file my_file.cif (mmCIF, C-alpha atoms)
data_input
loop_
_atom_site.label_atom_id
_atom_site.label_comp_id
_atom_site.auth_asym_id
_atom_site.auth_seq_id
_atom_site.Cartn_x
_atom_site.Cartn_y
_atom_site.Cartn_z
CA MET A 300 0.00 0.00 0.00
CA ALA A 301 1.33 3.44 -0.95
CA VAL A 302 2.29 5.77 1.86
CA GLN A 303 2.44 9.53 2.33
CA ILE A 304 4.66 11.31 -0.17
CA HIS A 305 7.30 13.70 1.25
CA ILE A 306 7.92 16.84 -0.80
CA ILE A 307 10.22 19.85 -0.54
CA ILE A 308 9.48 23.14 -2.33
CA ILE A 309 12.09 25.64 -3.55
CA SER A 310 11.01 29.14 -4.50
CA GLY A 311 11.99 32.79 -4.43
CA PRO A 312 9.92 35.53 -2.76
CA GLN A 313 8.26 36.39 -6.07
CA GLU A 314 6.67 32.93 -6.09
CA ASN A 315 5.23 32.99 -2.55
CA ALA A 316 1.62 32.97 -3.76
CA ALA A 317 2.22 29.99 -6.05
CA ARG A 318 4.21 28.24 -3.31
CA ASP A 319 1.45 28.68 -0.72
CA ALA A 320 -1.25 27.49 -3.11
CA LEU A 321 0.87 24.50 -4.10
CA ALA A 322 1.65 23.54 -0.50
CA SER A 323 -2.00 23.85 0.50
CA ALA A 324 -3.22 21.70 -2.40
CA LEU A 325 -0.60 19.03 -1.76
CA ARG A 326 -1.36 18.90 1.96
CA GLN A 327 -5.06 18.58 1.27
CA ALA A 328 -4.17 15.62 -0.94
CA GLY A 329 -2.32 14.02 2.00
CA ALA A 330 1.30 14.96 1.21
CA ASP A 331 3.92 16.01 3.75
CA VAL A 332 5.27 19.32 2.43
CA TRP A 333 8.23 21.38 3.67
CA TYR A 334 9.77 24.64 2.56
CA GLU A 335 12.36 26.87 4.15
CA ASP A 336 11.65 29.26 6.99
CA VAL A 337 13.39 32.35 5.59
CA SER A 338 13.71 33.86 9.08
CA ARG A 339 16.53 31.45 9.93
CA ALA A 340 20.18 32.47 9.77
CA LYS A 341 21.84 31.55 6.45
CA GLU A 342 23.91 28.56 7.60
CA GLN A 343 21.21 27.30 9.95
CA ALA A 344 18.71 27.48 7.10
CA LEU A 345 20.95 25.51 4.74
CA ASP A 346 21.54 22.83 7.40
CA ALA A 347 17.78 22.51 7.89
CA PHE A 348 17.29 22.32 4.13
CA ARG A 349 19.95 19.58 3.85
CA ARG A 350 18.24 17.51 6.57
CA GLU A 351 14.88 17.82 4.88
CA VAL A 352 16.03 17.17 1.32
CA ARG A 353 17.78 13.99 2.48
CA ARG A 354 14.49 12.39 3.49
CA ARG A 355 12.26 13.91 0.79
CA ALA A 356 12.55 12.24 -2.60
CA VAL A 357 10.43 14.79 -4.48
CA VAL A 358 11.60 18.37 -5.12
CA LEU A 359 9.24 20.93 -6.64
CA ALA A 360 10.99 24.12 -7.72
CA LEU A 361 9.08 27.29 -8.62
CA LEU A 362 11.67 29.07 -10.69
CA SER A 363 12.20 32.28 -12.52
CA ARG A 364 15.33 34.06 -13.63
CA GLU A 365 14.85 36.40 -10.68
CA ALA A 366 14.66 33.50 -8.23
CA LEU A 367 17.80 31.91 -9.68
CA ALA A 368 19.68 35.14 -9.09
CA ILE A 369 19.07 34.80 -5.31
CA GLU A 370 21.97 33.19 -3.43
CA ARG A 371 19.67 31.21 -1.13
CA VAL A 372 17.87 29.62 -4.08
CA GLN A 373 21.14 28.94 -5.86
CA ARG A 374 22.51 27.11 -2.80
CA GLN A 375 19.34 25.06 -2.42
CA VAL A 376 19.30 24.04 -6.08
CA ALA A 377 23.00 23.16 -5.90
CA LEU A 378 22.42 21.00 -2.83
CA VAL A 379 19.53 19.18 -4.52
CA GLN A 380 21.82 18.64 -7.51
CA GLU A 381 24.44 17.11 -5.19
CA PHE A 382 21.92 14.62 -3.84
CA TYR A 383 20.51 13.87 -7.28
CA GLN A 384 23.93 13.13 -8.77
CA ARG A 385 24.27 10.31 -6.24
CA GLU A 386 20.60 9.28 -6.20
CA PRO A 387 18.98 9.67 -9.65
CA GLN A 388 15.79 7.96 -8.43
CA ARG A 389 14.79 11.34 -6.95
CA LEU A 390 12.04 13.27 -8.76
CA LEU A 391 12.88 16.89 -9.64
CA LEU A 392 10.15 19.06 -11.17
CA ALA A 393 10.61 22.73 -12.07
CA PHE A 394 7.61 24.98 -12.71
CA SER A 395 8.43 28.20 -14.55
CA SER A 396 6.76 30.79 -16.74
CA GLU A 397 9.44 30.31 -19.40
CA GLN A 398 11.87 27.62 -20.45
CA ILE A 399 15.05 28.04 -18.38
CA SER A 400 18.30 26.77 -19.83
CA ALA A 401 20.60 24.58 -17.76
CA ILE A 402 23.30 27.25 -17.75
CA ASN A 403 21.35 30.29 -16.71
CA VAL A 404 22.88 32.74 -14.27
CA ASN A 405 26.55 33.72 -14.31
CA GLY A 406 27.37 30.55 -16.25
CA GLN A 407 26.22 28.27 -13.42
CA VAL A 408 24.32 25.04 -14.05
CA PHE A 409 20.97 25.04 -12.25
CA VAL A 410 18.10 23.05 -13.72
CA LYS A 411 19.73 20.47 -15.96
CA GLU A 412 18.21 17.46 -14.18
CA TYR A 413 14.72 18.88 -13.64
CA ARG A 414 11.69 18.09 -15.72
CA GLN A 415 10.42 21.54 -16.65
CA ILE A 416 6.73 22.43 -16.78
CA GLU A 417 5.81 25.82 -18.20
CA VAL A 418 2.91 27.63 -16.50
CA VAL A 419 2.02 31.09 -17.80
CA GLY A 420 2.76 33.61 -15.09
CA LEU A 421 3.19 30.76 -12.58
CA ARG A 422 -0.53 31.02 -11.86
CA PRO A 423 -1.02 29.44 -8.42
CA ALA A 424 -4.08 27.35 -9.28
CA GLU A 425 -2.52 26.01 -12.46
CA VAL A 426 0.77 25.16 -10.73
CA ALA A 427 -1.15 23.23 -8.07
CA ASP A 428 -3.24 21.40 -10.68
CA GLN A 429 -0.17 20.42 -12.70
CA ALA A 430 1.68 19.17 -9.60
CA LEU A 431 -1.28 17.11 -8.43
CA ARG A 432 -1.64 15.60 -11.88
CA LEU A 433 2.00 14.55 -11.88
CA LEU A 434 2.15 13.33 -8.28
CA THR A 435 -1.27 11.90 -7.43
CA LEU A 436 -0.85 9.45 -10.32
CA SER A 437 -4.46 9.71 -11.39
CA ALA A 438 -3.50 9.28 -15.04
CA ALA A 439 -3.08 5.65 -16.09
CA SER A 440 -0.15 4.46 -18.17
CA SER A 441 -0.59 4.92 -21.88
CA ALA A 442 1.18 3.57 -24.92
CA ALA A 443 1.64 7.21 -25.97
CA ASP A 444 3.56 8.15 -22.80
CA THR A 445 6.94 9.75 -23.35
CA ILE A 446 10.03 8.55 -21.49
CA ASP A 447 9.69 11.65 -19.27
CA ASP A 448 6.10 10.70 -18.42
CA ILE A 449 7.09 7.15 -17.51
CA LEU A 450 10.09 8.17 -15.41
CA THR A 451 8.08 10.86 -13.62
CA ARG A 452 5.32 8.39 -12.78
CA GLY A 453 7.80 5.73 -11.69
CA LYS A 454 9.72 8.11 -9.42
CA ALA A 455 6.49 9.42 -7.88
CA LEU A 456 5.43 5.82 -7.21
CA LEU A 457 8.82 5.15 -5.60
CA ALA A 458 8.31 8.18 -3.36
CA ARG A 459 4.97 6.67 -2.29
CA GLN A 460 6.67 3.31 -1.68
CA ALA A 461 4.38 1.74 -4.29
CA TYR A 462 7.30 -0.38 -5.41
CA GLU A 463 5.65 -2.98 -7.62
CA GLU A 464 3.87 -0.29 -9.63
CA ALA A 465 7.10 1.70 -9.89
CA LEU A 466 8.91 -1.42 -11.07
CA HIS A 467 6.41 -1.80 -13.92
CA GLU A 468 7.01 1.80 -15.03
CA PHE A 469 10.80 1.46 -15.01
CA GLN A 470 10.58 -1.81 -16.94
CA ARG A 471 8.59 0.13 -19.56
CA ALA A 472 11.21 2.89 -19.47
CA THR A 473 14.09 0.52 -20.22
CA GLN A 474 12.12 -1.02 -23.07
CA LEU A 475 11.34 2.41 -24.55
CA ALA A 476 14.80 3.89 -23.95
CA ALA A 477 17.34 1.10 -23.58
CA ALA A 478 20.19 3.65 -23.67
CA SER A 479 18.83 5.62 -20.67
CA PHE A 480 21.15 5.42 -17.68
CA VAL A 481 18.46 6.87 -15.40
CA ALA A 482 15.91 4.26 -16.48
CA TRP A 483 18.27 1.36 -15.70
CA PHE A 484 19.40 2.95 -12.43
CA CYS A 485 15.79 3.44 -11.28
CA LEU A 486 14.93 -0.11 -12.34
CA GLY A 487 17.78 -1.40 -10.17
CA TYR A 488 16.60 0.74 -7.28
CA ALA A 489 13.02 -0.54 -7.60
CA TYR A 490 14.19 -4.17 -7.74
CA GLY A 491 16.14 -3.54 -4.54
CA CYS A 492 13.04 -2.14 -2.84
CA VAL A 493 11.24 -5.46 -3.43
CA LEU A 494 14.36 -7.46 -2.45
CA ARG A 495 14.95 -8.90 -5.90
CA TRP A 496 18.69 -8.51 -5.62
CA GLU A 497 19.89 -10.51 -8.62
CA GLN A 498 17.66 -8.48 -10.94
CA ALA A 499 18.80 -5.28 -9.21
CA LEU A 500 22.43 -6.24 -9.81
CA ASP A 501 21.76 -6.84 -13.49
CA ALA A 502 20.04 -3.45 -13.83
CA TYR A 503 22.88 -1.58 -12.11
CA GLU A 504 25.41 -3.32 -14.33
CA ARG A 505 23.40 -2.24 -17.38
CA ALA A 506 23.41 1.32 -16.01
CA LEU A 507 27.16 1.23 -15.44
CA ASN A 508 27.75 -0.07 -18.96
CA LEU A 509 26.16 3.18 -20.12
CA THR A 510 27.83 5.48 -17.54
CA PRO A 511 30.87 3.68 -16.08
CA ASP A 512 31.97 6.54 -13.82
CA HIS A 513 28.73 7.15 -11.90
CA ALA A 514 29.64 6.95 -8.20
CA GLY A 515 26.02 6.55 -7.10
CA ALA A 516 25.53 3.51 -9.31
CA TRP A 517 28.72 1.92 -7.94
CA ASN A 518 27.49 2.60 -4.40
CA ASN A 519 24.11 1.01 -5.14
CA LYS A 520 25.77 -1.94 -6.84
CA GLY A 521 27.75 -2.35 -3.63
CA GLU A 522 24.55 -2.32 -1.55
CA THR A 523 23.08 -4.96 -3.85
CA LEU A 524 26.15 -7.18 -3.54
CA TYR A 525 26.08 -6.72 0.22
CA ASN A 526 22.48 -7.93 0.34
CA LEU A 527 23.57 -10.95 -1.70
CA ALA A 528 26.20 -11.59 1.04
CA ARG A 529 29.02 -11.00 -1.46
CA TYR A 530 30.85 -8.77 0.96
CA GLN A 531 34.26 -8.66 -0.71
CA LEU A 532 32.71 -7.66 -4.02
CA ALA A 533 30.55 -5.09 -2.23
CA LEU A 534 33.68 -3.63 -0.65
CA ALA A 535 35.31 -3.31 -4.08
CA ALA A 536 32.22 -1.55 -5.46
CA TYR A 537 32.22 0.95 -2.58
CA GLU A 538 35.90 1.62 -3.13
CA ARG A 539 35.19 2.35 -6.80
CA ALA A 540 32.42 4.74 -5.72
CA LEU A 541 34.79 6.55 -3.34
CA ALA A 542 37.51 6.78 -5.96
CA LEU A 543 34.99 8.67 -8.10
CA ASP A 544 33.41 10.71 -5.28
CA ALA A 545 35.57 10.95 -2.16
CA LYS A 546 33.00 13.16 -0.38
CA ASN A 547 30.15 10.65 -0.63
CA ALA A 548 29.21 10.09 3.02
CA VAL A 549 26.80 7.28 2.11
CA ALA A 550 29.53 5.32 0.36
CA TRP A 551 31.90 5.79 3.33
CA ASN A 552 29.20 4.48 5.67
CA ASN A 553 28.42 1.56 3.38
CA ARG A 554 32.07 0.62 3.05
CA GLY A 555 32.16 0.52 6.85
CA VAL A 556 29.14 -1.80 6.88
CA ALA A 557 30.90 -4.15 4.45
CA ARG A 558 34.08 -4.08 6.54
CA TYR A 559 32.05 -4.87 9.66
CA ALA A 560 30.55 -7.88 7.85
CA LEU A 561 34.11 -8.93 6.96
CA SER A 562 35.08 -8.81 10.67
CA GLU A 563 37.14 -5.63 10.38
CA PRO A 564 35.52 -3.45 13.08
CA ARG A 565 38.47 -1.06 13.47
CA LEU A 566 38.44 -0.22 9.77
CA ALA A 567 34.65 -0.05 9.80
CA LEU A 568 34.71 2.49 12.62
CA SER A 569 37.21 4.60 10.67
CA ASP A 570 34.81 4.67 7.72
CA TYR A 571 31.87 5.65 9.93
CA GLU A 572 33.93 8.47 11.41
CA ARG A 573 34.76 9.72 7.93
CA ALA A 574 31.08 9.65 6.95
CA ILE A 575 30.19 11.69 10.06
CA GLU A 576 33.00 14.14 9.33
CA LEU A 577 31.56 14.71 5.86
CA ASP A 578 27.93 14.90 7.00
CA ALA A 579 27.28 15.15 10.74
CA ASP A 580 23.50 15.10 10.15
CA TYR A 581 23.52 11.67 8.48
CA ALA A 582 21.99 9.24 10.99
CA ALA A 583 23.26 5.87 9.67
CA PRO A 584 26.96 6.22 10.59
CA TRP A 585 26.01 7.42 14.08
CA ASN A 586 23.96 4.23 14.53
CA ASN A 587 26.76 2.07 13.12
CA ARG A 588 29.35 3.77 15.30
CA GLY A 589 27.14 2.88 18.27
CA VAL A 590 27.14 -0.78 17.23
CA ILE A 591 30.96 -0.84 17.20
CA TYR A 592 31.12 0.86 20.61
CA ASN A 593 28.60 -1.60 22.05
CA ASP A 594 30.56 -4.55 20.68
CA SER A 595 33.62 -3.10 22.44
CA SER A 596 31.78 -2.87 25.80
CA ARG A 597 31.70 0.93 25.54
CA GLN A 598 27.97 1.05 26.24
CA ASN A 599 27.75 4.66 27.41
CA GLU A 600 29.46 5.89 24.25
CA ALA A 601 27.19 3.60 22.25
CA LEU A 602 24.12 5.13 23.87
CA ALA A 603 25.34 8.61 23.00
CA ALA A 604 25.80 7.57 19.37
CA PHE A 605 22.35 5.96 19.20
CA ASP A 606 20.81 9.04 20.80
CA ARG A 607 22.40 11.22 18.11
CA ALA A 608 21.09 8.94 15.35
CA LEU A 609 17.59 9.10 16.85
CA GLN A 610 17.76 12.86 17.28
CA LEU A 611 18.40 13.09 13.55
CA GLU A 612 15.93 10.38 12.56
CA PRO A 613 13.36 9.63 15.28
CA ARG A 614 11.76 6.82 13.26
CA TYR A 615 15.02 4.89 12.83
CA ALA A 616 13.87 1.41 13.90
CA ALA A 617 17.33 -0.19 13.86
CA ALA A 618 18.74 2.56 16.09
CA TRP A 619 15.96 2.01 18.66
CA SER A 620 16.66 -1.72 18.62
CA ASN A 621 20.43 -1.20 18.92
CA ARG A 622 19.90 1.27 21.76
CA GLY A 623 17.90 -1.44 23.48
CA ASN A 624 20.86 -3.80 23.08
CA ALA A 625 23.18 -1.33 24.80
CA LEU A 626 20.72 -0.93 27.66
CA SER A 627 20.39 -4.70 27.95
CA ASP A 628 24.18 -5.03 28.12
CA LEU A 629 24.03 -2.55 31.01
CA ARG A 630 21.38 -4.85 32.58
CA ARG A 631 18.74 -2.15 32.21
CA HIS A 632 16.36 -4.67 30.67
CA GLY A 633 13.13 -2.85 31.52
CA LYS A 634 14.24 0.28 29.65
CA ALA A 635 15.55 -1.89 26.84
CA LEU A 636 12.05 -3.34 26.37
CA THR A 637 10.72 0.16 25.80
CA ASP A 638 13.24 0.70 23.01
CA TYR A 639 12.46 -2.64 21.36
CA ASP A 640 8.77 -1.76 21.43
CA ARG A 641 9.56 1.60 19.79
CA ALA A 642 11.45 -0.24 17.06
CA LEU A 643 8.55 -2.64 16.51
CA THR A 644 6.01 0.18 16.40
CA ILE A 645 7.99 1.67 13.51
CA ASN A 646 8.78 -1.65 11.83
CA PRO A 647 6.49 -4.50 12.93
CA ASP A 648 8.60 -6.95 10.90
CA ASP A 649 11.93 -6.13 12.57
CA VAL A 650 13.25 -9.65 13.17
CA ASN A 651 16.17 -8.53 15.30
CA ALA A 652 13.96 -6.36 17.51
CA PHE A 653 11.73 -9.38 18.28
CA TYR A 654 14.79 -11.51 18.98
CA ASN A 655 16.41 -8.92 21.23
CA LYS A 656 13.16 -8.25 23.04
CA GLY A 657 12.94 -11.99 23.68
CA ASN A 658 16.44 -11.89 25.18
CA ALA A 659 15.52 -8.99 27.48
CA LEU A 660 12.40 -10.81 28.64
CA TYR A 661 14.47 -13.95 29.24
CA SER A 662 16.89 -11.94 31.40
CA LEU A 663 13.87 -10.70 33.39
CA ARG A 664 12.80 -14.36 33.76
CA ARG A 665 9.62 -13.69 31.82
CA PHE A 666 10.09 -16.90 29.89
CA ARG A 667 6.63 -17.35 28.37
CA GLN A 668 6.74 -13.85 26.92
CA SER A 669 10.25 -14.43 25.62
CA VAL A 670 9.04 -17.56 23.75
CA VAL A 671 6.34 -15.44 22.11
CA CYS A 672 8.99 -13.00 20.88
CA TYR A 673 11.27 -15.76 19.60
CA ASN A 674 8.30 -17.23 17.75
CA GLN A 675 7.63 -13.85 16.15
CA ALA A 676 11.26 -13.65 15.01
CA LEU A 677 11.18 -17.20 13.65
CA ALA A 678 7.90 -16.61 11.82
CA ARG A 679 9.75 -13.93 9.85
CA ASP A 680 13.07 -15.77 9.57
CA PRO A 681 12.81 -19.55 10.11
CA ALA A 682 16.60 -19.84 9.61
CA TYR A 683 17.44 -17.61 12.60
CA THR A 684 19.65 -20.10 14.47
CA SER A 685 20.15 -18.01 17.62
CA ALA A 686 16.39 -17.56 18.00
CA TRP A 687 15.94 -21.36 17.95
CA VAL A 688 18.69 -21.75 20.55
CA ASN A 689 17.27 -19.10 22.87
CA LYS A 690 13.76 -20.37 22.41
CA GLY A 691 15.06 -23.76 23.52
CA ALA A 692 16.62 -22.17 26.61
CA ALA A 693 13.35 -20.41 27.54
CA LEU A 694 11.36 -23.61 27.06
CA TYR A 695 13.87 -25.47 29.22
CA GLU A 696 13.30 -22.92 32.00
CA LEU A 697 9.55 -23.55 31.62
CA ARG A 698 10.28 -27.29 31.95
CA ASP A 699 8.74 -27.92 28.55
CA TYR A 700 11.60 -30.25 27.72
CA GLY A 701 10.07 -31.89 24.66
CA ALA A 702 9.51 -28.54 22.93
CA ALA A 703 12.96 -27.36 24.04
CA LEU A 704 14.54 -30.42 22.43
CA VAL A 705 12.70 -29.68 19.16
CA ALA A 706 14.03 -26.10 19.22
CA TYR A 707 17.62 -27.22 19.82
CA ASP A 708 17.36 -29.78 17.03
CA ARG A 709 16.07 -27.10 14.65
CA ALA A 710 19.08 -24.95 15.56
CA LEU A 711 21.46 -27.84 14.94
CA GLY A 712 19.78 -28.57 11.62
CA LEU A 713 20.79 -25.05 10.59
CA ASP A 714 24.23 -25.08 12.24
CA ALA A 715 25.61 -28.46 13.29
CA LYS A 716 28.56 -26.77 15.04
CA ASN A 717 26.52 -24.53 17.32
CA VAL A 718 28.02 -25.02 20.78
CA ALA A 719 25.12 -23.42 22.66
CA ALA A 720 22.64 -25.68 20.91
CA TRP A 721 24.62 -28.84 21.78
CA SER A 722 25.02 -27.69 25.41
CA GLY A 723 21.32 -26.85 25.72
CA LYS A 724 20.35 -30.13 24.12
CA ALA A 725 22.57 -32.00 26.58
CA MET A 726 20.90 -30.29 29.57
CA THR A 727 17.47 -31.03 28.15
CA LEU A 728 18.26 -34.69 27.54
CA ARG A 729 19.50 -35.01 31.12
CA ALA A 730 16.26 -33.48 32.34
CA LEU A 731 14.46 -36.14 30.31
CA ARG A 732 16.78 -38.79 31.84
CA ARG A 733 18.06 -39.81 28.43
CA THR A 734 21.56 -40.17 29.85
CA SER A 735 23.44 -41.78 26.98
CA GLU A 736 22.12 -39.26 24.49
CA ALA A 737 22.95 -36.44 26.92
CA GLU A 738 26.53 -37.70 27.23
CA GLU A 739 26.89 -37.78 23.45
CA ALA A 740 25.60 -34.20 23.19
CA GLU A 741 28.04 -33.12 25.93
CA ARG A 742 30.86 -34.79 24.05
CA ARG A 743 29.91 -32.92 20.87
CA ALA A 744 29.81 -29.63 22.79
CA ARG A 745 33.26 -30.24 24.34
CA ALA A 746 34.70 -31.13 20.94
CA LEU A 747 33.51 -27.75 19.66
CA GLY A 748 35.15 -25.94 22.56
CA ALA A 749 32.45 -25.71 25.23
#
call {"tool": "encode", "arguments": {"input": "my_file.cif", "output": "structure tokens"}}
result
Amino acid sequence: MAVQIHIIIISGPQENAARDALASALRQAGADVWYEDVSRAKEQALDAFRREVRRRAVVLALLSREALAIERVQRQVALVQEFYQREPQRLLLAFSSEQISAINVNGQVFVKEYRQIEVVGLRPAEVADQALRLLTLSAASSAADTIDDILTRGKALLARQAYEEALHEFQRATQLAAASFVAWFCLGYAYGCVLRWEQALDAYERALNLTPDHAGAWNNKGETLYNLARYQLALAAYERALALDAKNAVAWNNRGVARYALSEPRLALSDYERAIELDADYAAPWNNRGVIYNDSSRQNEALAAFDRALQLEPRYAAAWSNRGNALSDLRRHGKALTDYDRALTINPDDVNAFYNKGNALYSLRRFRQSVVCYNQALARDPAYTSAWVNKGAALYELRDYGAALVAYDRALGLDAKNVAAWSGKAMTLRALRRTSEAEEAERRARALGA
């Protein structure tokens, strides 16, 4: 089901009437709309704009030559351009009373990547009607659609998280314009949104065949390889992205994630620090820095990092769950439960949050409730070995030895060298007075280093 679309508006003071009418119409249609409070100090305003444009995939610019001569507007358009160069799945629409060339004021490039819509005199009602037509997606696909129509519709659908519909549009786009880098890039992005990673990889490779030096495509190829658990190849893709764009904070963060997966936490932390240095308002590296600190038993520093991530992005489910882990490691299990519940409110399918909540409940000796949480995790990921092991431990505490034995056997079916599963199975078999089997399980556990 499509969700609320998040939009940012750029305009000069001459366009205030059109901006207000546009914002009102979009909000009435259910959109979340933001534009700059011009009363802010210059740098504070640009920081606020950067934070907002990061999380808003749709930019509507009300432009005139007069507006483009204003430094504030120039800086905003340049910042949007910076994001778009790395993330071409963003939708940029420019409404103007005349066609504006890409190189417009003082030889600077401003609107090259925008789809331009001419509206005589930027009449407020007509601007609002045109925007709603393009973004509410009331018009069905047509064989007569241009490539611009298809890409606009696909990007708007992406912004609404209507991924399957967006995927259909981008498939059409690549059929209509097989030499379009943007079409292939967006197709790869849409495949990733529906977790079809092999198809995403193929699409990004097609995009890179057309534009080999696009840092954003290399970064997204790396993310795709990471999700295919090809961590070394993902690392190489991120390094290619950084060679092309050394100031790409997302690629620095992602390289750190790949290094963490390759058991290189020190190098991962260095990458997270670099990402934060480049963009202190980017929440992901703060969260990932917290994970490294928590792994290193630096829980208080971890909590500070998670708090910063959540200050920047309050609906960051993984950061709430990770904050709960740090609290649990400090034996503040009750407060940890609150954080896990916050994570699950945001993302009801967060497997790790269910698992970690189960662990906190286990530590509080609330074993029946912990089993419920482990079951929720396993319903979403039946191959979650640790959840089977811990479910077995909770069932053992409840003296439901038969069910505990089933859980340990499921864990061992997934990982025959799991020491905790062999040890738990041995305890359970002893409780069932199956001594010879218990001794064999103990022997297996000792052989694995228990």
call {"tool": "resolve_selection", "arguments": {"input": "my_file.cif", "expression": "the PyMOL selection byres ((chain A and resi 675-680) around 12)", "output": "MDAnalysis selection string"}}
result
chainID A and resid 643 647:658 668:674 681:690 706 709:710
call {"tool": "resolve_selection", "arguments": {"input": "my_file.cif", "expression": "the PyMOL selection byres ((chain A and resi 625-627) around 10)", "output": "CSV table (one decimal) with C-alpha atoms, keeping the file's coordinate frame"}}
result
chain,number,residue,atom,x,y,z
A,589,GLY,CA,27.1,2.9,18.3
A,590,VAL,CA,27.1,-0.8,17.2
A,592,TYR,CA,31.1,0.9,20.6
A,593,ASN,CA,28.6,-1.6,22.0
A,594,ASP,CA,30.6,-4.6,20.7
A,596,SER,CA,31.8,-2.9,25.8
A,597,ARG,CA,31.7,0.9,25.5
A,598,GLN,CA,28.0,1.0,26.2
A,599,ASN,CA,27.8,4.7,27.4
A,600,GLU,CA,29.5,5.9,24.2
A,601,ALA,CA,27.2,3.6,22.2
A,602,LEU,CA,24.1,5.1,23.9
A,605,PHE,CA,22.4,6.0,19.2
A,620,SER,CA,16.7,-1.7,18.6
A,621,ASN,CA,20.4,-1.2,18.9
A,622,ARG,CA,19.9,1.3,21.8
A,623,GLY,CA,17.9,-1.4,23.5
A,624,ASN,CA,20.9,-3.8,23.1
A,628,ASP,CA,24.2,-5.0,28.1
A,629,LEU,CA,24.0,-2.6,31.0
A,630,ARG,CA,21.4,-4.8,32.6
A,631,ARG,CA,18.7,-2.2,32.2
A,632,HIS,CA,16.4,-4.7,30.7
A,633,GLY,CA,13.1,-2.8,31.5
A,634,LYS,CA,14.2,0.3,29.6
A,635,ALA,CA,15.6,-1.9,26.8
A,636,LEU,CA,12.0,-3.3,26.4
A,638,ASP,CA,13.2,0.7,23.0
A,655,ASN,CA,16.4,-8.9,21.2
A,656,LYS,CA,13.2,-8.2,23.0
A,658,ASN,CA,16.4,-11.9,25.2
A,659,ALA,CA,15.5,-9.0,27.5
A,662,SER,CA,16.9,-11.9,31.4
call {"tool": "resolve_selection", "arguments": {"input": "my_file.cif", "expression": "the PyMOL selection byres ((chain A and resi 516-526) around 10)", "output": "number ranges by chain"}}
result
A: 384-387, 480-481, 483-485, 487-488, 490-491, 494-504, 506-507, 510-515, 527-541, 543, 547, 549-551, 553-554, 556-557, 560
call {"tool": "closest_residue", "arguments": {"input": "my_file.cif", "among": "A:Pro423, A:Gly311, A:Gly555, A:Gly723", "to": "Ala693 of chain A", "atoms": "all atoms listed in the file"}}
result
A:Gly723
call {"tool": "residues_around", "arguments": {"input": "my_file.cif", "residues": "Ala725 of chain A", "least_positions_apart": "4", "cutoff": "6 Å", "atoms": "all atoms listed in the file", "output": "ChimeraX atom specification"}}
result
/A:737,740-741
call {"tool": "closest_residue", "arguments": {"input": "my_file.cif", "among": "A:Arg353, A:Arg318, A:Arg588, A:His305", "to": "Asp331 of chain A", "atoms": "all atoms listed in the file"}}
result
A:His305
call {"tool": "atom_distance", "arguments": {"input": "my_file.cif", "atom1": "atom CA of Glu576 of chain A", "atom2": "atom CA of Ala545 of chain A"}}
result
12.2 Å
call {"tool": "residues_around", "arguments": {"input": "my_file.cif", "residues": "Arg471 of chain A", "least_positions_apart": "3", "cutoff": "9 Å", "atoms": "all atoms listed in the file", "output": "count of residues only"}}
result
9
call {"tool": "closest_residue", "arguments": {"input": "my_file.cif", "among": "A:Asn717, A:Gln415, A:Ser735, A:Asn508", "to": "Asp448 of chain A", "atoms": "only C-alpha atoms"}}
result
A:Gln415
call {"tool": "closest_residue", "arguments": {"input": "my_file.cif", "among": "A:Asn587, A:Ser363, A:Asp708, A:Gln470", "to": "Val419 of chain A", "atoms": "only C-alpha atoms"}}
result
A:Ser363
call {"tool": "residues_near_point", "arguments": {"input": "my_file.cif", "point": "(4.4, 14.6, -8.7)", "cutoff": "8 Å", "atoms": "all atoms listed in the file", "output": "PyMOL selection string"}}
result
chain A and resi 357+390+392+430-436+451-452+455
call {"tool": "closest_residue", "arguments": {"input": "my_file.cif", "among": "A:Gln460, A:Gln313, A:Asn586, A:Thr644", "to": "Arg422 of chain A", "atoms": "only C-alpha atoms"}}
result
A:Gln313
